[in-house]
Amino acid sequence: MDSPGWFGGAGWALGLVVVLACSGPSEDSRAEAPAGLPAAGDQAFLDVTAAAGLDFLHQVGDELMNNIVESLGSGAAWLDADGDRDLDLYLLNQGWLKGVSGGPRGESAANRLYRNRGDGTFEDVTRRAGTGDTGYGYAVAVGDVDNDGDADLYVANCGANRLYVNRGDGTFRERAAEAGVDDERCSAGATFLDADGDGRLDLYVANYLVFDPDYTLHYAPDVYPGPLAYAAEGDALYRNRGDGSFEDWTTHAGIDAVPAGRAMGVVATDFDLDGRPDLFVANDASENFLFRNIGDGEFEETAVLSGAAFGFYGEATGAMAGSVGDLDNDGLPDILVTDTTYGSLYRNTEDLLFEDLVVSSGLAALSGQWVSWGGGFFDFDNDADLDALLVNGDLKHPTGRPDLLLENTGDGKFVSGEGGDYFATARLGRGGSFADFDDDGDLDVLITNLDDAPVLLRNDWPAPGHWLRLGLVGTVGNRDGFGAIVTVEADGRSWRRVHHAASGYLTQNDPRLHFGLGGATRVDRLEVIWPAGSRQTFEDLEVDQPYTVTEGEGIE
């Protein structure tokens with residue numbers, strides 16, 4: 001497939017693909033493709049971008065990737081924007097930015113919102129929705145900031161950020177300045193969390209660096225200066241007052257007690273399962289941060305003591321983001337970090353202590369020759385353990401690289417997965433997110449590319465395992481249920497997930513929890529522990545079904 005962007009490079013083939021054996025229900029159990037989309041063939045993942053109606057094209061401001069600000073790319077988020085229970089897609093763009101881009105390249109490039117028609121295809125509803133920001137977009141976070149049952153959007157720009165509040169009918173009102181969250185720094189990441197346990201979503205904004213277009217002192221003649229050439233920007237935590245506005249909580253929370261770190265990504269989840277969300281911040285060319293929530297919206301930075309600050313050899317890496325998932329099914333959230341070398345795979349060993357398994361797992365050998373930006377954990381074959389995707393692209397040259405689909409063998413190892421023709425092509429990849437956009441029970445993939453079209457990969461794995469999908473509706477705590485701890489038991493095994501917002505570089509995944517169950521034919525027990533402390537338990541559930549649990553009420 002030829003890339004429509006000016007980077008090109010598509011069609012560059014991988015030399016070796018390892019074909020994996022698969023197990024599970026028969027091929028006849030696979031859902032048929034929705035009308036208008038190609039039928040499933042013999043590939044595990046099929047590029048359905050054009051067929052699905054996604055005509056988006058990412059743009060940078062000029063025809064050169066000649067500085068670090070232009071290299072970061074833009075992300076995407078899955079959300080139900082209009083309340084029809086189908087997943088819609090919001091894609092960020094960039095265009096021209098004074099002092100960053102060499103000159104305008106035509107009309108401003110706007111973010112776009114695509115409505116899911118319910119048949120696997122999308123329509124552009126940006127103008128009607130009012131979400132066509134023309135800022136220099138990096139990352140997007142989704143959360144119900146006013147607890148009214150509708151998904152709101154926060155857009156992290158290089159420049160003033162945007163807060164799109166959902167009116168309840170799929171249209172939005174931009175009110176970042178009014179709410180006090182129009183952070184005008186270069187914000188490369190953002191996430192929602194209830195930091196202080198008051199039932200309202202607060203906002204963490206991960207800021208990058210202070211770009212100086214006049215700085216040219218560097219040694220390599222064919223590349224631009226790296227991150228250490230520029231001063232770091234400090235991050236910010238904004239507390240939700242509950243009246244439509246936020247207050248700067250950064251100092252109170254202890255976030256600015258450490259030097260600024262050139263943040264590129266942030267994820268909030270309860271790493272120690274104490275009922276309070278913690279924060280992992282991936283920093284470029286400096287140590288990562290792990291902020292442990294000690295209560296009342298206050299944090300202490302523990303990354304060095306916890307073992308999550310540096311790479312495998314003790315170096316400060318060019319970390320992009322951390323994706324969270326329970327790699328070994330021990331009930332504790334682990335972290336997959338993408339970076340400029342071979343990444344990190346931090347296994348959580350209780351007491352907020354991590355060990356890096358990136359070498360012993362095989363990930364370092366598989367990914368070491370690439371620069372990995374996005375991706376993360378997901379169970380693409382529903383075999384009950386988490387696999388991984390790494391989205392790759394050159395760091396300082398407009399050169400495409402193949403993305404990597406990695407299969408979890410179930411014993412702490414990863415091997416190359418057979419994903420289909422797409423994984424033998426090269427793009428300048430940046431963000432990667434996961435969602436069951438066609439509601440057929442398996443996770444699909446959306447990849448954003450720099451100055452190029454995104455790619456929507458429909459999961460057509462021929463013999464997937466069984467599954468369960470779970471939506472959460474909070475009533476006492478935050479409406480999204482962020483911070484809830486969910487445990488599923490089936491066939492003598494158990495799986496635990498902590499529900500959280502953004503996870504991965506620049507992107508946000510399906511807001512519903514997905515559990516691959518392998519060969520299990522019934523769910524013996526489902527337990528939800530809500531952030532406010534209440535507990536709900538349900539027994540003897542059918543597999544291959546979507547469920548929604550409402551706090552204090554029941555399951556449907």
# chains A, B, ... in the order shown; residues from 1 in each chain; ligands from 1
$ residues_around --residues "segment 229-241 of chain A" --least-positions-apart "4" --cutoff "6 Å" --atoms "only C-alpha atoms" --output "ChimeraX atom specification"
/A:202-210,245-250,260-262
$ write_last_selection --atoms "all heavy atoms" --output "tab-separated table (two decimals), in the first residue's frame"
chain	number	residue	atom	x	y	z
A	202	ASP	N	-10.53	14.89	37.76
A	202	ASP	CA	-9.49	15.90	37.67
A	202	ASP	C	-8.68	15.67	36.40
A	202	ASP	O	-8.88	14.67	35.69
A	202	ASP	CB	-8.62	15.85	38.92
A	202	ASP	CG	-9.45	15.85	40.20
A	202	ASP	OD1	-10.26	16.78	40.37
A	202	ASP	OD2	-9.31	14.92	41.01
A	203	LEU	N	-7.77	16.55	36.10
A	203	LEU	CA	-7.06	16.51	34.82
A	203	LEU	C	-5.56	16.69	35.03
A	203	LEU	O	-5.14	17.66	35.66
A	203	LEU	CB	-7.59	17.63	33.91
A	203	LEU	CG	-6.87	17.86	32.58
A	203	LEU	CD1	-7.04	16.67	31.65
A	203	LEU	CD2	-7.39	19.14	31.92
A	204	TYR	N	-4.80	15.73	34.52
A	204	TYR	CA	-3.33	15.85	34.52
A	204	TYR	C	-2.89	16.17	33.10
A	204	TYR	O	-3.27	15.48	32.14
A	204	TYR	CB	-2.67	14.55	34.98
A	204	TYR	CG	-1.18	14.67	35.22
A	204	TYR	CD1	-0.68	14.86	36.50
A	204	TYR	CD2	-0.26	14.60	34.16
A	204	TYR	CE1	0.70	14.98	36.73
A	204	TYR	CE2	1.10	14.72	34.38
A	204	TYR	CZ	1.58	14.90	35.67
A	204	TYR	OH	2.93	15.02	35.88
A	205	VAL	N	-2.09	17.23	32.95
A	205	VAL	CA	-1.56	17.64	31.65
A	205	VAL	C	-0.05	17.47	31.65
A	205	VAL	O	0.65	18.03	32.50
A	205	VAL	CB	-1.94	19.10	31.33
A	205	VAL	CG1	-1.34	19.52	29.98
A	205	VAL	CG2	-3.46	19.26	31.31
A	206	ALA	N	0.43	16.65	30.72
A	206	ALA	CA	1.86	16.36	30.60
A	206	ALA	C	2.47	17.30	29.56
A	206	ALA	O	2.15	17.21	28.37
A	206	ALA	CB	2.07	14.90	30.18
A	207	ASN	N	3.33	18.20	30.01
A	207	ASN	CA	3.91	19.20	29.13
A	207	ASN	C	5.33	18.82	28.72
A	207	ASN	O	6.07	18.19	29.49
A	207	ASN	CB	3.91	20.56	29.81
A	207	ASN	CG	2.51	21.11	29.98
A	207	ASN	OD1	1.72	21.10	29.04
A	207	ASN	ND2	2.17	21.57	31.17
A	208	TYR	N	5.71	19.23	27.52
A	208	TYR	CA	6.94	18.74	26.90
A	208	TYR	C	8.13	19.68	27.13
A	208	TYR	O	8.82	19.57	28.13
A	208	TYR	CB	6.68	18.50	25.41
A	208	TYR	CG	7.78	17.75	24.69
A	208	TYR	CD1	8.47	16.70	25.29
A	208	TYR	CD2	8.12	18.08	23.38
A	208	TYR	CE1	9.46	16.02	24.62
A	208	TYR	CE2	9.11	17.39	22.70
A	208	TYR	CZ	9.79	16.37	23.32
A	208	TYR	OH	10.78	15.69	22.65
A	209	LEU	N	8.37	20.62	26.24
A	209	LEU	CA	9.54	21.47	26.34
A	209	LEU	C	9.27	22.86	25.78
A	209	LEU	O	8.25	23.11	25.14
A	209	LEU	CB	10.75	20.82	25.64
A	209	LEU	CG	10.59	20.27	24.22
A	209	LEU	CD1	10.51	21.37	23.17
A	209	LEU	CD2	11.75	19.33	23.89
A	210	VAL	N	10.21	23.76	26.02
A	210	VAL	CA	10.12	25.14	25.53
A	210	VAL	C	10.91	25.21	24.23
A	210	VAL	O	12.15	25.25	24.24
A	210	VAL	CB	10.67	26.15	26.54
A	210	VAL	CG1	10.50	27.58	26.02
A	210	VAL	CG2	9.98	25.99	27.89
A	245	SER	N	-15.55	24.46	36.58
A	245	SER	CA	-14.22	25.05	36.52
A	245	SER	C	-13.21	24.16	37.25
A	245	SER	O	-13.58	23.27	38.03
A	245	SER	CB	-14.22	26.45	37.14
A	245	SER	OG	-14.42	26.38	38.55
A	246	PHE	N	-11.94	24.42	36.99
A	246	PHE	CA	-10.84	23.67	37.60
A	246	PHE	C	-9.90	24.66	38.30
A	246	PHE	O	-9.78	25.82	37.88
A	246	PHE	CB	-10.05	22.90	36.55
A	246	PHE	CG	-10.81	21.76	35.91
A	246	PHE	CD1	-11.79	22.00	34.96
A	246	PHE	CD2	-10.51	20.44	36.25
A	246	PHE	CE1	-12.48	20.95	34.36
A	246	PHE	CE2	-11.20	19.39	35.65
A	246	PHE	CZ	-12.19	19.65	34.70
A	247	GLU	N	-9.21	24.17	39.33
A	247	GLU	CA	-8.18	24.97	39.96
A	247	GLU	C	-6.85	24.27	39.83
A	247	GLU	O	-6.77	23.03	39.80
A	247	GLU	CB	-8.50	25.19	41.45
A	247	GLU	CG	-8.58	23.92	42.28
A	247	GLU	CD	-8.91	24.20	43.73
A	247	GLU	OE1	-8.24	25.08	44.33
A	247	GLU	OE2	-9.82	23.55	44.27
A	248	ASP	N	-5.79	25.05	39.70
A	248	ASP	CA	-4.44	24.50	39.56
A	248	ASP	C	-4.04	23.87	40.89
A	248	ASP	O	-3.88	24.55	41.90
A	248	ASP	CB	-3.45	25.60	39.16
A	248	ASP	CG	-2.11	25.04	38.74
A	248	ASP	OD1	-1.73	23.95	39.22
A	248	ASP	OD2	-1.43	25.69	37.92
A	249	TRP	N	-3.87	22.56	40.88
A	249	TRP	CA	-3.62	21.76	42.07
A	249	TRP	C	-2.17	21.24	42.08
A	249	TRP	O	-1.81	20.42	42.89
A	249	TRP	CB	-4.60	20.59	42.07
A	249	TRP	CG	-4.91	19.90	43.37
A	249	TRP	CD1	-4.55	18.63	43.72
A	249	TRP	CD2	-5.65	20.41	44.48
A	249	TRP	NE1	-5.03	18.31	44.97
A	249	TRP	CE2	-5.71	19.39	45.47
A	249	TRP	CE3	-6.27	21.64	44.74
A	249	TRP	CZ2	-6.37	19.56	46.67
A	249	TRP	CZ3	-6.93	21.80	45.95
A	249	TRP	CH2	-6.97	20.77	46.90
A	250	THR	N	-1.35	21.74	41.14
A	250	THR	CA	-0.02	21.18	40.92
A	250	THR	C	0.85	21.24	42.17
A	250	THR	O	1.47	20.23	42.56
A	250	THR	CB	0.68	21.92	39.77
A	250	THR	OG1	-0.21	22.01	38.65
A	250	THR	CG2	1.95	21.22	39.36
A	260	ALA	N	11.09	19.54	36.23
A	260	ALA	CA	10.31	19.23	35.04
A	260	ALA	C	11.04	18.18	34.21
A	260	ALA	O	12.27	18.11	34.19
A	260	ALA	CB	10.08	20.49	34.22
A	261	GLY	N	10.26	17.32	33.50
A	261	GLY	CA	10.87	16.16	32.88
A	261	GLY	C	10.66	15.97	31.39
A	261	GLY	O	10.90	14.89	30.88
A	262	ARG	N	10.16	16.97	30.65
A	262	ARG	CA	9.90	16.82	29.20
A	262	ARG	C	8.95	15.64	28.95
A	262	ARG	O	9.28	14.68	28.26
A	262	ARG	CB	11.19	16.64	28.41
A	262	ARG	CG	12.17	17.80	28.54
A	262	ARG	CD	13.46	17.56	27.77
A	262	ARG	NE	14.41	18.61	28.03
A	262	ARG	CZ	15.25	18.66	29.08
A	262	ARG	NH1	15.21	17.68	29.98
A	262	ARG	NH2	16.08	19.65	29.25
$ select_by_dssp --residues "segment 394-452 of chain A" --states "strand (DSSP E or B)" --output "PyMOL selection string"
chain A and resi 401+404-408+414-416+427+429-435+444-449
$ select_by_dssp --residues "segment 321-441 of chain A" --states "alpha helix (DSSP H)" --output "MDAnalysis selection string"
chainID A and resid 363:367
$ closest_atom_pairs --of "segment 199-293 of chain A" --to "segment 335-338 of chain A" --cutoff "12 Å" --atoms "only C-alpha atoms" --output "CSV"
residue,atom,partner,partner_atom,distance
A:Met264,CA,A:Thr338,CA,10.7
A:Gly265,CA,A:Val337,CA,9.8
A:Val266,CA,A:Val337,CA,10.8
A:Val267,CA,A:Ile335,CA,9.6
A:Ala268,CA,A:Ile335,CA,11.3
A:Thr269,CA,A:Ile335,CA,10.5
A:Asp270,CA,A:Ile335,CA,12.0
A:Phe271,CA,A:Ile335,CA,9.6
A:Leu279,CA,A:Ile335,CA,11.4
A:Phe280,CA,A:Ile335,CA,8.8
A:Val281,CA,A:Val337,CA,10.1
A:Ala282,CA,A:Val337,CA,7.7
A:Asn283,CA,A:Val337,CA,10.5
A:Asp284,CA,A:Thr338,CA,10.9
A:Asn288,CA,A:Val337,CA,10.1
A:Leu290,CA,A:Ile335,CA,11.2
$ write_last_selection --atoms "all heavy atoms" --output "compact mmCIF listing (two decimals), in the first residue's frame"
# COMPACT_ATOMS: atom_id res chain seq x y z
N MET A 264 6.12 13.17 27.66
CA MET A 264 5.51 12.84 26.39
C MET A 264 4.24 11.99 26.56
O MET A 264 3.48 11.82 25.60
CB MET A 264 6.50 12.09 25.50
CG MET A 264 7.67 12.96 25.07
SD MET A 264 8.73 12.15 23.86
CE MET A 264 7.68 12.15 22.41
N GLY A 265 4.03 11.46 27.74
CA GLY A 265 2.83 10.66 27.96
C GLY A 265 2.57 10.47 29.43
O GLY A 265 3.49 10.53 30.25
N VAL A 266 1.31 10.22 29.78
CA VAL A 266 0.94 10.00 31.17
C VAL A 266 -0.21 9.00 31.22
O VAL A 266 -1.09 9.00 30.35
CB VAL A 266 0.54 11.33 31.85
CG1 VAL A 266 -0.61 12.01 31.12
CG2 VAL A 266 0.19 11.11 33.32
N VAL A 267 -0.18 8.13 32.22
CA VAL A 267 -1.29 7.22 32.47
C VAL A 267 -1.56 7.21 33.97
O VAL A 267 -0.63 7.23 34.78
CB VAL A 267 -0.99 5.80 31.95
CG1 VAL A 267 0.25 5.21 32.58
CG2 VAL A 267 -2.20 4.88 32.14
N ALA A 268 -2.83 7.21 34.33
CA ALA A 268 -3.24 7.19 35.73
C ALA A 268 -3.96 5.89 36.02
O ALA A 268 -4.98 5.59 35.39
CB ALA A 268 -4.15 8.38 36.05
N THR A 269 -3.44 5.10 36.96
CA THR A 269 -4.12 3.88 37.38
C THR A 269 -3.67 3.54 38.80
O THR A 269 -2.72 4.12 39.32
CB THR A 269 -3.83 2.72 36.40
OG1 THR A 269 -4.81 1.70 36.58
CG2 THR A 269 -2.45 2.14 36.61
N ASP A 270 -4.35 2.61 39.39
CA ASP A 270 -4.08 2.26 40.79
C ASP A 270 -3.06 1.12 40.81
O ASP A 270 -3.41 -0.06 40.87
CB ASP A 270 -5.39 1.84 41.47
CG ASP A 270 -5.24 1.63 42.95
OD1 ASP A 270 -4.12 1.76 43.48
OD2 ASP A 270 -6.27 1.32 43.60
N PHE A 271 -1.78 1.47 40.78
CA PHE A 271 -0.73 0.46 40.69
C PHE A 271 -0.63 -0.42 41.93
O PHE A 271 -0.27 -1.59 41.85
CB PHE A 271 0.63 1.13 40.42
CG PHE A 271 0.78 1.66 39.03
CD1 PHE A 271 0.80 3.03 38.80
CD2 PHE A 271 0.89 0.80 37.95
CE1 PHE A 271 0.94 3.53 37.51
CE2 PHE A 271 1.04 1.28 36.66
CZ PHE A 271 1.06 2.66 36.44
N LEU A 279 0.12 7.83 39.20
CA LEU A 279 0.45 8.41 37.90
C LEU A 279 1.82 7.94 37.43
O LEU A 279 2.81 8.02 38.19
CB LEU A 279 0.47 9.94 37.98
CG LEU A 279 -0.87 10.64 38.14
CD1 LEU A 279 -0.69 12.00 38.79
CD2 LEU A 279 -1.53 10.82 36.77
N PHE A 280 1.89 7.44 36.19
CA PHE A 280 3.19 7.18 35.55
C PHE A 280 3.36 8.17 34.41
O PHE A 280 2.50 8.27 33.53
CB PHE A 280 3.26 5.75 35.01
CG PHE A 280 4.54 5.47 34.27
CD1 PHE A 280 5.70 5.16 34.96
CD2 PHE A 280 4.59 5.53 32.88
CE1 PHE A 280 6.90 4.93 34.28
CE2 PHE A 280 5.77 5.29 32.19
CZ PHE A 280 6.92 4.99 32.89
N VAL A 281 4.47 8.91 34.45
CA VAL A 281 4.76 9.92 33.44
C VAL A 281 6.01 9.51 32.68
O VAL A 281 7.08 9.31 33.28
CB VAL A 281 4.96 11.31 34.08
CG1 VAL A 281 5.22 12.36 33.00
CG2 VAL A 281 3.74 11.70 34.91
N ALA A 282 5.89 9.36 31.37
CA ALA A 282 7.03 9.00 30.52
C ALA A 282 7.71 10.28 30.06
O ALA A 282 7.08 11.14 29.43
CB ALA A 282 6.55 8.19 29.32
N ASN A 283 9.00 10.41 30.36
CA ASN A 283 9.75 11.62 30.04
C ASN A 283 10.81 11.35 28.98
O ASN A 283 11.41 10.27 28.93
CB ASN A 283 10.43 12.16 31.30
CG ASN A 283 9.44 12.72 32.30
OD1 ASN A 283 8.47 13.38 31.92
ND2 ASN A 283 9.65 12.45 33.58
N ASP A 284 11.05 12.33 28.16
CA ASP A 284 12.00 12.23 27.06
C ASP A 284 13.40 12.63 27.54
O ASP A 284 13.61 13.75 28.01
CB ASP A 284 11.56 13.14 25.91
CG ASP A 284 12.31 12.87 24.63
OD1 ASP A 284 13.13 11.94 24.59
OD2 ASP A 284 12.07 13.60 23.64
N ASN A 288 11.81 8.81 34.15
CA ASN A 288 10.36 8.79 34.25
C ASN A 288 9.94 9.11 35.68
O ASN A 288 10.72 8.98 36.62
CB ASN A 288 9.82 7.42 33.84
CG ASN A 288 10.21 7.03 32.44
OD1 ASN A 288 10.23 7.87 31.53
ND2 ASN A 288 10.54 5.77 32.24
N LEU A 290 6.99 8.30 38.73
CA LEU A 290 5.89 7.48 39.25
C LEU A 290 5.38 8.17 40.50
O LEU A 290 6.03 8.14 41.55
CB LEU A 290 6.36 6.06 39.56
CG LEU A 290 5.27 5.11 40.05
CD1 LEU A 290 4.21 4.89 38.98
CD2 LEU A 290 5.86 3.78 40.47
$ residues_around --residues "Ala316 of chain A" --least-positions-apart "3" --cutoff "9 Å" --atoms "only C-alpha atoms" --output "tab-separated table (two decimals) with N, CA and C atoms, in the first residue's frame"
chain	number	residue	atom	x	y	z
A	283	ASN	N	9.00	10.41	30.36
A	283	ASN	CA	9.75	11.62	30.04
A	283	ASN	C	10.81	11.35	28.98
A	284	ASP	N	11.05	12.33	28.16
A	284	ASP	CA	12.00	12.23	27.06
A	284	ASP	C	13.40	12.63	27.54
A	285	ALA	N	14.35	11.70	27.40
A	285	ALA	CA	15.76	11.95	27.71
A	285	ALA	C	16.00	12.30	29.17
A	286	SER	N	15.08	11.96	30.04
A	286	SER	CA	15.26	12.13	31.48
A	286	SER	C	14.45	11.06	32.18
A	287	GLU	N	14.66	10.90	33.47
A	287	GLU	CA	14.02	9.80	34.18
A	287	GLU	C	12.50	9.94	34.19
A	288	ASN	N	11.81	8.81	34.15
A	288	ASN	CA	10.36	8.79	34.25
A	288	ASN	C	9.94	9.11	35.68
A	309	ALA	N	12.09	4.31	36.84
A	309	ALA	CA	12.60	5.60	36.38
A	309	ALA	C	13.46	5.49	35.13
A	310	PHE	N	14.20	4.38	35.01
A	310	PHE	CA	15.22	4.28	33.98
A	310	PHE	C	15.03	3.02	33.13
A	311	GLY	N	15.82	2.95	32.05
A	311	GLY	CA	15.81	1.79	31.19
A	311	GLY	C	16.55	0.62	31.79
A	319	ALA	N	11.64	8.07	26.42
A	319	ALA	CA	10.35	7.40	26.59
A	319	ALA	C	9.22	8.20	25.96
$ closest_residue --among "A:Thr550, A:Ser372, A:Asn157, A:Ser323" --to "Gly474 of chain A" --atoms "only C-alpha atoms"
A:Thr550
$ residues_around --residues "Asp334 of chain A" --least-positions-apart "2" --cutoff "6 Å" --atoms "only C-alpha atoms" --output "list of chain:residue names"
A:Val324, A:Gly325, A:Asp326, A:Tyr346, A:Arg347, A:Asn348
$ write_last_selection --atoms "N, CA, C and O atoms" --output "PDB file, in the first residue's frame"
ATOM      1  N   VAL A 324      -0.667   0.385  30.174  1.00  0.00           N
ATOM      2  CA  VAL A 324      -0.855  -0.425  31.373  1.00  0.00           C
ATOM      3  C   VAL A 324      -1.677  -1.666  31.067  1.00  0.00           C
ATOM      4  O   VAL A 324      -2.672  -1.612  30.346  1.00  0.00           O
ATOM      5  N   GLY A 325      -1.254  -2.801  31.613  1.00  0.00           N
ATOM      6  CA  GLY A 325      -2.007  -4.047  31.517  1.00  0.00           C
ATOM      7  C   GLY A 325      -1.374  -5.086  32.415  1.00  0.00           C
ATOM      8  O   GLY A 325      -0.209  -4.958  32.794  1.00  0.00           O
ATOM      9  N   ASP A 326      -2.123  -6.110  32.739  1.00  0.00           N
ATOM     10  CA  ASP A 326      -1.615  -7.181  33.607  1.00  0.00           C
ATOM     11  C   ASP A 326      -0.972  -8.257  32.731  1.00  0.00           C
ATOM     12  O   ASP A 326      -1.632  -9.186  32.270  1.00  0.00           O
ATOM     13  N   TYR A 346       7.933  -3.077  32.592  1.00  0.00           N
ATOM     14  CA  TYR A 346       7.998  -3.054  34.046  1.00  0.00           C
ATOM     15  C   TYR A 346       6.930  -3.973  34.633  1.00  0.00           C
ATOM     16  O   TYR A 346       5.736  -3.672  34.583  1.00  0.00           O
ATOM     17  N   ARG A 347       7.365  -5.062  35.234  1.00  0.00           N
ATOM     18  CA  ARG A 347       6.450  -5.976  35.915  1.00  0.00           C
ATOM     19  C   ARG A 347       6.272  -5.527  37.357  1.00  0.00           C
ATOM     20  O   ARG A 347       7.238  -5.330  38.088  1.00  0.00           O
ATOM     21  N   ASN A 348       5.025  -5.364  37.748  1.00  0.00           N
ATOM     22  CA  ASN A 348       4.665  -4.936  39.092  1.00  0.00           C
ATOM     23  C   ASN A 348       4.790  -6.122  40.040  1.00  0.00           C
ATOM     24  O   ASN A 348       4.143  -7.154  39.844  1.00  0.00           O
TER      25      ASN A 348
END
$ closest_residue --among "A:Gly132, A:Leu72, A:Ala303, A:Asp194" --to "Glu174 of chain A" --atoms "only C-alpha atoms"
A:Gly132
$ residues_around --residues "Gly130 of chain A" --least-positions-apart "2" --cutoff "10 Å" --atoms "only C-alpha atoms" --output "PyMOL selection string"
chain A and resi 112-113+125-128+132-133+164+166+170-174
$ write_last_selection --atoms "N, CA and C atoms" --output "short mmCIF file (atom, residue, chain, number, x, y, z; two decimals), in the first residue's frame"
data_model
loop_
_atom_site.label_atom_id
_atom_site.label_comp_id
_atom_site.auth_asym_id
_atom_site.auth_seq_id
_atom_site.Cartn_x
_atom_site.Cartn_y
_atom_site.Cartn_z
N ARG A 112 -10.93 16.10 13.46
CA ARG A 112 -12.20 15.66 12.88
C ARG A 112 -12.83 14.56 13.74
N LEU A 113 -14.16 14.65 13.86
CA LEU A 113 -14.93 13.66 14.60
C LEU A 113 -15.73 12.83 13.60
N VAL A 125 -18.75 14.17 11.17
CA VAL A 125 -19.75 15.05 11.77
C VAL A 125 -19.08 16.22 12.49
N THR A 126 -17.86 16.54 12.09
CA THR A 126 -17.08 17.56 12.80
C THR A 126 -17.80 18.90 12.85
N ARG A 127 -18.28 19.36 11.71
CA ARG A 127 -18.91 20.68 11.66
C ARG A 127 -20.14 20.73 12.57
N ARG A 128 -20.98 19.69 12.49
CA ARG A 128 -22.18 19.65 13.32
C ARG A 128 -21.82 19.55 14.80
N GLY A 132 -13.95 20.93 15.53
CA GLY A 132 -12.89 21.05 14.54
C GLY A 132 -11.80 22.01 14.93
N ASP A 133 -11.14 21.76 16.03
CA ASP A 133 -10.04 22.61 16.48
C ASP A 133 -8.93 22.64 15.43
N TYR A 164 -13.72 20.35 25.19
CA TYR A 164 -15.02 20.28 24.52
C TYR A 164 -16.00 19.55 25.43
N ASN A 166 -19.63 18.09 26.17
CA ASN A 166 -20.72 17.50 25.40
C ASN A 166 -22.06 18.03 25.89
N GLY A 170 -24.47 15.01 21.09
CA GLY A 170 -23.39 14.81 20.13
C GLY A 170 -22.78 16.09 19.64
N THR A 171 -23.20 17.23 20.17
CA THR A 171 -22.54 18.50 19.87
C THR A 171 -21.81 18.99 21.11
N PHE A 172 -20.81 19.82 20.90
CA PHE A 172 -19.91 20.20 21.98
C PHE A 172 -19.73 21.72 22.05
N ARG A 173 -19.43 22.18 23.26
CA ARG A 173 -19.08 23.58 23.47
C ARG A 173 -17.66 23.66 23.99
N GLU A 174 -16.82 24.48 23.36
CA GLU A 174 -15.42 24.62 23.79
C GLU A 174 -15.35 25.64 24.92
#
$ atom_distance --atom1 "atom CA of Asp339 of chain A" --atom2 "atom CA of Asp47 of chain A"
25.7 Å
$ closest_residue --among "A:Leu92, A:Phe434, A:Leu97, A:Arg479" --to "Ala110 of chain A" --atoms "only C-alpha atoms"
A:Leu92
$ residues_around --residues "Ala365 of chain A" --least-positions-apart "6" --cutoff "10 Å" --atoms "only C-alpha atoms" --output "VMD selection string"
chain A and resid 342 358 to 359 414 to 415
$ atom_distance --atom1 "atom CA of Arg522 of chain A" --atom2 "atom CA of Phe377 of chain A"
24.3 Å
